[in-house]
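**Student:** For reference, the file input18.pdb (PDB, C-alpha atoms, pLDDT in the B column) is included below:
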```
ATOM      1  CA  MET D 704       0.000   0.000   0.000  1.00 52.00           C
ATOM      2  CA  PRO D 705       1.466   3.382  -0.945  1.00 58.00           C
ATOM      3  CA  ALA D 706       2.575   5.680   1.868  1.00 56.00           C
ATOM      4  CA  ALA D 707      -0.167   8.242   1.236  1.00 59.00           C
ATOM      5  CA  SER D 708      -2.821   5.528   1.220  1.00 70.00           C
ATOM      6  CA  LEU D 709      -1.777   4.165   4.609  1.00 65.00           C
ATOM      7  CA  LEU D 710      -1.696   7.680   6.057  1.00 63.00           C
ATOM      8  CA  ASN D 711      -5.189   8.250   4.610  1.00 68.00           C
ATOM      9  CA  LYS D 712      -6.346   5.188   6.552  1.00 68.00           C
ATOM     10  CA  ALA D 713      -5.262   7.018   9.710  1.00 70.00           C
ATOM     11  CA  SER D 714      -8.307   9.241   9.087  1.00 70.00           C
ATOM     12  CA  GLY D 715      -6.595  12.426  10.201  1.00 78.00           C
ATOM     13  CA  ASP D 716      -5.744  10.935  13.618  1.00 85.00           C
ATOM     14  CA  ALA D 717      -2.510  12.763  14.442  1.00 89.00           C
ATOM     15  CA  ALA D 718      -1.304  10.133  16.955  1.00 90.00           C
ATOM     16  CA  LEU D 719      -1.882   7.318  14.461  1.00 92.00           C
ATOM     17  CA  GLU D 720      -0.192   9.254  11.644  1.00 92.00           C
ATOM     18  CA  LEU D 721       2.805   9.884  13.892  1.00 93.00           C
ATOM     19  CA  ALA D 722       2.997   6.186  14.838  1.00 94.00           C
ATOM     20  CA  ILE D 723       2.942   5.279  11.121  1.00 95.00           C
ATOM     21  CA  LYS D 724       5.712   7.760  10.310  1.00 94.00           C
ATOM     22  CA  ARG D 725       7.920   6.619  13.202  1.00 95.00           C
ATOM     23  CA  SER D 726       7.350   2.971  12.271  1.00 96.00           C
ATOM     24  CA  ARG D 727       8.304   3.660   8.675  1.00 95.00           C
ATOM     25  CA  GLN D 728      11.521   5.361   9.789  1.00 95.00           C
ATOM     26  CA  LEU D 729      12.423   2.243  11.761  1.00 95.00           C
ATOM     27  CA  LEU D 730      11.478   0.074   8.786  1.00 96.00           C
ATOM     28  CA  ASN D 731      13.531   2.085   6.300  1.00 95.00           C
ATOM     29  CA  ARG D 732      16.688   1.771   8.399  1.00 94.00           C
ATOM     30  CA  ARG D 733      16.241  -1.976   8.895  1.00 94.00           C
ATOM     31  CA  ALA D 734      15.444  -2.568   5.206  1.00 93.00           C
ATOM     32  CA  MET D 735      18.716  -0.860   4.237  1.00 93.00           C
ATOM     33  CA  VAL D 736      20.640  -3.110   6.626  1.00 92.00           C
ATOM     34  CA  ALA D 737      18.859  -6.125   5.103  1.00 89.00           C
ATOM     35  CA  ALA D 738      19.880  -4.975   1.627  1.00 89.00           C
ATOM     36  CA  VAL D 739      23.533  -4.693   2.650  1.00 89.00           C
ATOM     37  CA  ALA D 740      23.459  -8.137   4.295  1.00 85.00           C
ATOM     38  CA  SER D 741      21.794  -9.597   1.208  1.00 81.00           C
ATOM     39  CA  ALA D 742      24.582  -8.305  -1.018  1.00 81.00           C
ATOM     40  CA  VAL D 743      27.206 -10.255   0.939  1.00 81.00           C
ATOM     41  CA  PRO D 744      27.824 -13.453  -1.042  1.00 75.00           C
ATOM     42  CA  VAL D 745      27.568 -15.827   1.923  1.00 76.00           C
ATOM     43  CA  PRO D 746      24.570 -18.146   1.528  1.00 72.00           C
ATOM     44  CA  GLY D 747      22.299 -18.120   4.576  1.00 73.00           C
ATOM     45  CA  LEU D 748      23.805 -15.003   6.173  1.00 77.00           C
ATOM     46  CA  ASP D 749      21.034 -12.785   4.841  1.00 74.00           C
ATOM     47  CA  TRP D 750      18.292 -15.044   6.221  1.00 75.00           C
ATOM     48  CA  ALA D 751      19.867 -14.915   9.668  1.00 79.00           C
ATOM     49  CA  VAL D 752      20.242 -11.136   9.452  1.00 83.00           C
ATOM     50  CA  ASP D 753      16.655 -10.723   8.189  1.00 81.00           C
ATOM     51  CA  ALA D 754      15.304 -12.850  11.042  1.00 82.00           C
ATOM     52  CA  ALA D 755      17.337 -10.903  13.597  1.00 85.00           C
ATOM     53  CA  LEU D 756      16.282  -7.547  12.120  1.00 87.00           C
ATOM     54  CA  LEU D 757      12.612  -8.471  12.002  1.00 88.00           C
ATOM     55  CA  SER D 758      12.613  -9.996  15.487  1.00 87.00           C
ATOM     56  CA  ARG D 759      13.689  -6.571  16.791  1.00 91.00           C
ATOM     57  CA  LEU D 760      11.725  -4.430  14.308  1.00 93.00           C
ATOM     58  CA  ILE D 761       8.295  -6.019  14.875  1.00 93.00           C
ATOM     59  CA  PRO D 762       8.263  -5.332  18.659  1.00 93.00           C
ATOM     60  CA  GLU D 763       9.411  -1.751  17.992  1.00 95.00           C
ATOM     61  CA  ILE D 764       6.552  -1.223  15.549  1.00 95.00           C
ATOM     62  CA  ASN D 765       4.147  -2.824  18.034  1.00 94.00           C
ATOM     63  CA  ALA D 766       5.404  -0.373  20.672  1.00 94.00           C
ATOM     64  CA  GLU D 767       4.725   2.597  18.389  1.00 94.00           C
ATOM     65  CA  PHE D 768       1.060   1.544  18.279  1.00 94.00           C
ATOM     66  CA  GLY D 769       0.776   0.530  21.948  1.00 93.00           C
ATOM     67  CA  LEU D 770       0.547  -3.151  21.036  1.00 94.00           C
ATOM     68  CA  THR D 771       3.364  -4.850  22.949  1.00 92.00           C
ATOM     69  CA  PRO D 772       2.429  -7.456  25.563  1.00 91.00           C
ATOM     70  CA  ALA D 773       3.524  -5.071  28.364  1.00 92.00           C
ATOM     71  CA  GLN D 774       1.468  -2.185  26.940  1.00 93.00           C
ATOM     72  CA  LEU D 775      -1.584  -4.408  26.518  1.00 92.00           C
ATOM     73  CA  ASP D 776      -1.241  -5.679  30.092  1.00 92.00           C
ATOM     74  CA  GLN D 777      -1.620  -2.081  31.304  1.00 93.00           C
ATOM     75  CA  LEU D 778      -5.004  -1.656  29.592  1.00 93.00           C
ATOM     76  CA  ASN D 779      -8.226  -2.168  31.475  1.00 93.00           C
ATOM     77  CA  PRO D 780      -9.726  -5.637  30.859  1.00 94.00           C
ATOM     78  CA  SER D 781     -12.499  -4.459  28.510  1.00 93.00           C
ATOM     79  CA  LYS D 782     -10.074  -2.491  26.303  1.00 93.00           C
ATOM     80  CA  ARG D 783      -7.632  -5.423  26.291  1.00 92.00           C
ATOM     81  CA  GLU D 784     -10.470  -7.696  25.140  1.00 93.00           C
ATOM     82  CA  GLN D 785     -11.331  -5.240  22.343  1.00 93.00           C
ATOM     83  CA  VAL D 786      -7.717  -5.294  21.191  1.00 92.00           C
ATOM     84  CA  GLN D 787      -7.581  -9.104  21.303  1.00 91.00           C
ATOM     85  CA  LYS D 788     -10.742  -9.307  19.180  1.00 93.00           C
ATOM     86  CA  ALA D 789      -9.290  -6.803  16.711  1.00 92.00           C
ATOM     87  CA  VAL D 790      -6.042  -8.802  16.501  1.00 91.00           C
ATOM     88  CA  ALA D 791      -8.043 -11.977  15.822  1.00 89.00           C
ATOM     89  CA  MET D 792     -10.081 -10.188  13.157  1.00 89.00           C
ATOM     90  CA  VAL D 793      -6.957  -8.875  11.425  1.00 88.00           C
ATOM     91  CA  GLY D 794      -5.343 -12.295  11.725  1.00 84.00           C
ATOM     92  CA  SER D 795      -1.921 -11.102  12.849  1.00 83.00           C
ATOM     93  CA  VAL D 796       0.292 -13.493  14.774  1.00 78.00           C
ATOM     94  CA  LEU D 797       2.800 -10.736  15.554  1.00 80.00           C
ATOM     95  CA  ILE D 798       0.706  -8.231  17.511  1.00 85.00           C
ATOM     96  CA  GLY D 799       0.626  -8.398  21.295  1.00 80.00           C
ATOM     97  CA  LYS D 800       2.938 -11.398  21.498  1.00 77.00           C
ATOM     98  CA  PHE D 801       6.512 -11.998  22.497  1.00 72.00           C
ATOM     99  CA  ILE D 802       8.406 -12.026  19.200  1.00 72.00           C
ATOM    100  CA  SER D 803      10.976 -14.740  18.641  1.00 68.00           C
ATOM    101  CA  ARG D 804      13.046 -15.462  15.559  1.00 66.00           C
ATOM    102  CA  ASP D 805      11.059 -18.665  14.988  1.00 70.00           C
ATOM    103  CA  LEU D 806       7.780 -16.741  15.053  1.00 69.00           C
ATOM    104  CA  VAL D 807       9.148 -14.183  12.591  1.00 71.00           C
ATOM    105  CA  ILE D 808      10.395 -16.915  10.254  1.00 64.00           C
ATOM    106  CA  ARG D 809       6.999 -18.654  10.311  1.00 65.00           C
ATOM    107  CA  ALA D 810       5.189 -15.368   9.692  1.00 65.00           C
ATOM    108  CA  ALA D 811       7.606 -14.480   6.888  1.00 62.00           C
ATOM    109  CA  SER D 812       6.499 -17.487   4.845  1.00 58.00           C
ATOM    110  CA  SER D 813       4.485 -15.014   2.761  1.00 52.00           C
ATOM    111  CA  VAL D 814       7.756 -13.669   1.379  1.00 52.00           C
ATOM    112  CA  GLY D 815       9.432 -17.072   1.185  1.00 52.00           C
ATOM    113  CA  VAL D 816       9.653 -17.101  -2.614  1.00 45.00           C
ATOM    114  CA  ARG D 817      11.486 -13.774  -2.547  1.00 49.00           C
ATOM    115  CA  LEU D 818      13.908 -15.108   0.050  1.00 51.00           C
ATOM    116  CA  THR D 819      14.620 -18.214  -2.047  1.00 52.00           C
ATOM    117  CA  SER D 820      15.163 -16.056  -5.149  1.00 51.00           C
ATOM    118  CA  LYS D 821      17.570 -13.967  -3.141  1.00 53.00           C
ATOM    119  CA  GLN D 822      19.676 -17.067  -2.366  1.00 53.00           C
ATOM    120  CA  VAL D 823      19.749 -18.175  -6.018  1.00 52.00           C
ATOM    121  CA  ALA D 824      20.717 -14.674  -7.190  1.00 50.00           C
ATOM    122  CA  LYS D 825      23.859 -14.768  -5.030  1.00 53.00           C
ATOM    123  CA  PHE D 826      25.460 -17.226  -7.440  1.00 54.00           C
ATOM    124  CA  VAL D 827      25.509 -14.686 -10.303  1.00 57.00           C
ATOM    125  CA  PRO D 828      28.606 -12.487  -9.879  1.00 62.00           C
ATOM    126  CA  LEU D 829      27.993  -8.763  -9.164  1.00 60.00           C
ATOM    127  CA  ALA D 830      24.581  -8.465 -10.817  1.00 67.00           C
ATOM    128  CA  GLY D 831      23.316 -11.293  -8.607  1.00 67.00           C
ATOM    129  CA  GLN D 832      24.479  -9.493  -5.499  1.00 75.00           C
ATOM    130  CA  ALA D 833      22.707  -6.311  -6.595  1.00 78.00           C
ATOM    131  CA  ILE D 834      19.551  -8.295  -7.335  1.00 78.00           C
ATOM    132  CA  SER D 835      19.850 -10.079  -3.995  1.00 78.00           C
ATOM    133  CA  ALA D 836      20.230  -6.722  -2.195  1.00 81.00           C
ATOM    134  CA  ALA D 837      17.147  -5.329  -3.962  1.00 84.00           C
ATOM    135  CA  ILE D 838      15.119  -8.424  -3.107  1.00 82.00           C
ATOM    136  CA  GLY D 839      16.318  -8.304   0.517  1.00 82.00           C
ATOM    137  CA  TYR D 840      15.303  -4.663   0.818  1.00 89.00           C
ATOM    138  CA  ALA D 841      11.924  -5.284  -0.834  1.00 87.00           C
ATOM    139  CA  ALA D 842      11.168  -8.362   1.279  1.00 85.00           C
ATOM    140  CA  VAL D 843      11.819  -6.605   4.596  1.00 88.00           C
ATOM    141  CA  ARG D 844       9.911  -3.506   3.404  1.00 91.00           C
ATOM    142  CA  TYR D 845       6.941  -5.622   2.323  1.00 89.00           C
ATOM    143  CA  PHE D 846       6.861  -7.571   5.575  1.00 88.00           C
ATOM    144  CA  GLY D 847       7.197  -4.391   7.646  1.00 92.00           C
ATOM    145  CA  GLU D 848       4.546  -2.475   5.687  1.00 93.00           C
ATOM    146  CA  GLU D 849       2.116  -5.374   6.095  1.00 92.00           C
ATOM    147  CA  HIS D 850       2.752  -5.360   9.833  1.00 93.00           C
ATOM    148  CA  ILE D 851       2.259  -1.586  10.063  1.00 95.00           C
ATOM    149  CA  ARG D 852      -1.012  -1.951   8.140  1.00 94.00           C
ATOM    150  CA  ASP D 853      -2.161  -4.659  10.589  1.00 94.00           C
ATOM    151  CA  CYS D 854      -1.265  -2.438  13.551  1.00 94.00           C
ATOM    152  CA  VAL D 855      -3.259   0.462  12.077  1.00 94.00           C
ATOM    153  CA  ARG D 856      -6.279  -1.780  11.542  1.00 93.00           C
ATOM    154  CA  VAL D 857      -6.087  -3.149  15.093  1.00 94.00           C
ATOM    155  CA  ALA D 858      -5.656   0.317  16.620  1.00 93.00           C
ATOM    156  CA  GLN D 859      -8.621   1.673  14.644  1.00 92.00           C
ATOM    157  CA  THR D 860     -10.874  -1.328  15.244  1.00 91.00           C
ATOM    158  CA  ALA D 861     -10.171  -1.383  18.987  1.00 92.00           C
ATOM    159  CA  GLY D 862     -10.233   2.401  19.348  1.00 89.00           C
ATOM    160  CA  LEU D 863      -6.708   2.265  20.751  1.00 88.00           C
ATOM    161  CA  LEU D 864      -4.706   5.478  20.726  1.00 82.00           C
ATOM    162  CA  PRO D 865      -0.985   5.002  20.121  1.00 83.00           C
ATOM    163  CA  PRO D 866       1.158   6.153  23.044  1.00 84.00           C
ATOM    164  CA  PRO D 867       2.804   9.568  22.774  1.00 82.00           C
ATOM    165  CA  PRO D 868       6.294   9.534  21.290  1.00 77.00           C
ATOM    166  CA  PRO D 869       9.114   9.051  23.778  1.00 69.00           C
ATOM    167  CA  SER D 870      11.072  12.118  24.807  1.00 57.00           C
ATOM    168  CA  THR D 871      13.910  13.151  22.515  1.00 47.00           C
ATOM    169  CA  ALA D 872      16.523  11.949  25.016  1.00 46.00           C
ATOM    170  CA  ALA D 873      14.882   8.536  25.421  1.00 54.00           C
ATOM    171  CA  ARG D 874      14.463   8.167  21.644  1.00 53.00           C
ATOM    172  CA  THR D 875      18.132   9.047  21.060  1.00 50.00           C
ATOM    173  CA  ARG D 876      19.254   6.477  23.662  1.00 54.00           C
ATOM    174  CA  ARG D 877      17.000   3.809  22.107  1.00 54.00           C
ATOM    175  CA  GLN D 878      18.334   4.561  18.608  1.00 53.00           C
ATOM    176  CA  ARG D 879      21.933   4.237  19.797  1.00 53.00           C
ATOM    177  CA  VAL D 880      21.171   0.887  21.435  1.00 53.00           C
ATOM    178  CA  HIS D 881      19.414  -0.523  18.322  1.00 51.00           C
ATOM    179  CA  ALA D 882      21.764   0.892  15.705  1.00 50.00           C
TER     180      ALA D 882
END
```
Can the structure in the file be given as structure tokens, please?

**Tutor:**
Amino acid sequence: MPAASLLNKASGDAALELAIKRSRQLLNRRAMVAAVASAVPVPGLDWAVDAALLSRLIPEINAEFGLTPAQLDQLNPSKREQVQKAVAMVGSVLIGKFISRDLVIRAASSVGVRLTSKQVAKFVPLAGQAISAAIGYAAVRYFGEEHIRDCVRVAQTAGLLPPPPPSTAARTRRQRVHA
């Protein structure tokens, strides 16, 4: 879904629009790292890097929308139930759960063909590495955008307002830790 379209889905909700923008910034950085890892001609390295990136990225996106297990535990029981129903309706297995590499790999089966193509492309000198990098970037972007879209749908369906952005100092510390 194009960027403008996803922001339109936020229906002018400033908090939701801000959560989308912050999530996309996180996603863009991680997708670039995935592209670099995909260009390295070591079979399997990119899959491990992708899994590690996504297992950290998904909880960060969840946090932007107030959908981590800890954030959901702080909600009153009726609001938590609304969120759980919305998650079930959307069908996401990555919202409100502890994210492990295995869970990310299972959820990433939707981009499995791209990941396999990325491995095959590595065997073509230079051009294959560029193709592999492009596929790696696109696969992580696709997976991340789908997750952001699911978070928006859950937040809207459950009437959940994303938490305010962390202070500049806290955000800077968090970026240094995850960089």

**Student:** Enumerate, as a PDB file with C-alpha atoms, in the coordinates of the input, the residues matched when the PyMOL selection byres ((chain D and resi 732-747) around 7) is run on the file above.

**Tutor:**
```pdb
ATOM      1  CA  GLN D 728      11.521   5.361   9.789  1.00 95.00           C
ATOM      2  CA  LEU D 729      12.423   2.243  11.761  1.00 95.00           C
ATOM      3  CA  LEU D 730      11.478   0.074   8.786  1.00 96.00           C
ATOM      4  CA  ASN D 731      13.531   2.085   6.300  1.00 95.00           C
ATOM      5  CA  LEU D 748      23.805 -15.003   6.173  1.00 77.00           C
ATOM      6  CA  ASP D 749      21.034 -12.785   4.841  1.00 74.00           C
ATOM      7  CA  TRP D 750      18.292 -15.044   6.221  1.00 75.00           C
ATOM      8  CA  ALA D 751      19.867 -14.915   9.668  1.00 79.00           C
ATOM      9  CA  VAL D 752      20.242 -11.136   9.452  1.00 83.00           C
ATOM     10  CA  ASP D 753      16.655 -10.723   8.189  1.00 81.00           C
ATOM     11  CA  LEU D 756      16.282  -7.547  12.120  1.00 87.00           C
ATOM     12  CA  GLN D 822      19.676 -17.067  -2.366  1.00 53.00           C
ATOM     13  CA  LYS D 825      23.859 -14.768  -5.030  1.00 53.00           C
ATOM     14  CA  GLN D 832      24.479  -9.493  -5.499  1.00 75.00           C
ATOM     15  CA  ALA D 833      22.707  -6.311  -6.595  1.00 78.00           C
ATOM     16  CA  SER D 835      19.850 -10.079  -3.995  1.00 78.00           C
ATOM     17  CA  ALA D 836      20.230  -6.722  -2.195  1.00 81.00           C
ATOM     18  CA  ALA D 837      17.147  -5.329  -3.962  1.00 84.00           C
ATOM     19  CA  GLY D 839      16.318  -8.304   0.517  1.00 82.00           C
ATOM     20  CA  TYR D 840      15.303  -4.663   0.818  1.00 89.00           C
ATOM     21  CA  VAL D 843      11.819  -6.605   4.596  1.00 88.00           C
ATOM     22  CA  ARG D 844       9.911  -3.506   3.404  1.00 91.00           C
TER      23      ARG D 844
END
```

**Student:** Report the distance between atom CA of D:Leu760 and atom CA of D:Lys782 in Å, rounded to one decimal place.

**Tutor:**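 For atom CA of D:Leu760 relative to atom CA of D:Lys782, the distance reads 25.0 Å.
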
**Student:** Let me know the residues the PyMOL selection byres ((chain D and resi 726) around 8) catches in the file above, as a list in words.

**Tutor:** Ala722, Ile723, Lys724, Arg725, Arg727, Gln728, Leu729, Leu730, Glu763, Ile764, Glu767 and Ile851 of chain D

**Student:** May I ask which of the residues D:Ala754, D:Ile798, D:Ala773, D:Leu778 is the closest one to D:Leu864, counting only C-alpha atoms?

**Tutor:**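 Answer, going by the shortest atom-to-atom distance: D:Leu778.
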
**Student:** Taking all atoms listed in the file into account, name the residue in D:Val857, D:Leu719, D:Ala713, D:Leu757 that is nearest to D:Ala842.

**Tutor:**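 Ranked by minimum distance to D:Ala842, first place goes to D:Leu757.
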
**Student:** Which distance in Å separates atom CA of D:Gly794 and atom CA of D:Tyr845, to one decimal?

**Tutor:** 16.8 Å

**Student:** For the structure shown, which residues end up in the PyMOL selection byres ((chain D and resi 771) around 12)? Put them as number ranges by chain, please?

**Tutor:** D: 761-770, 772-778, 783, 786-787, 797-802, 854, 865-866

**Student:** If I take atom CA of D:Ala718 and atom CA of D:Arg856, how far is one from the other in Å, to one decimal?

**Tutor:**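 So the answer is 14.0 Å.
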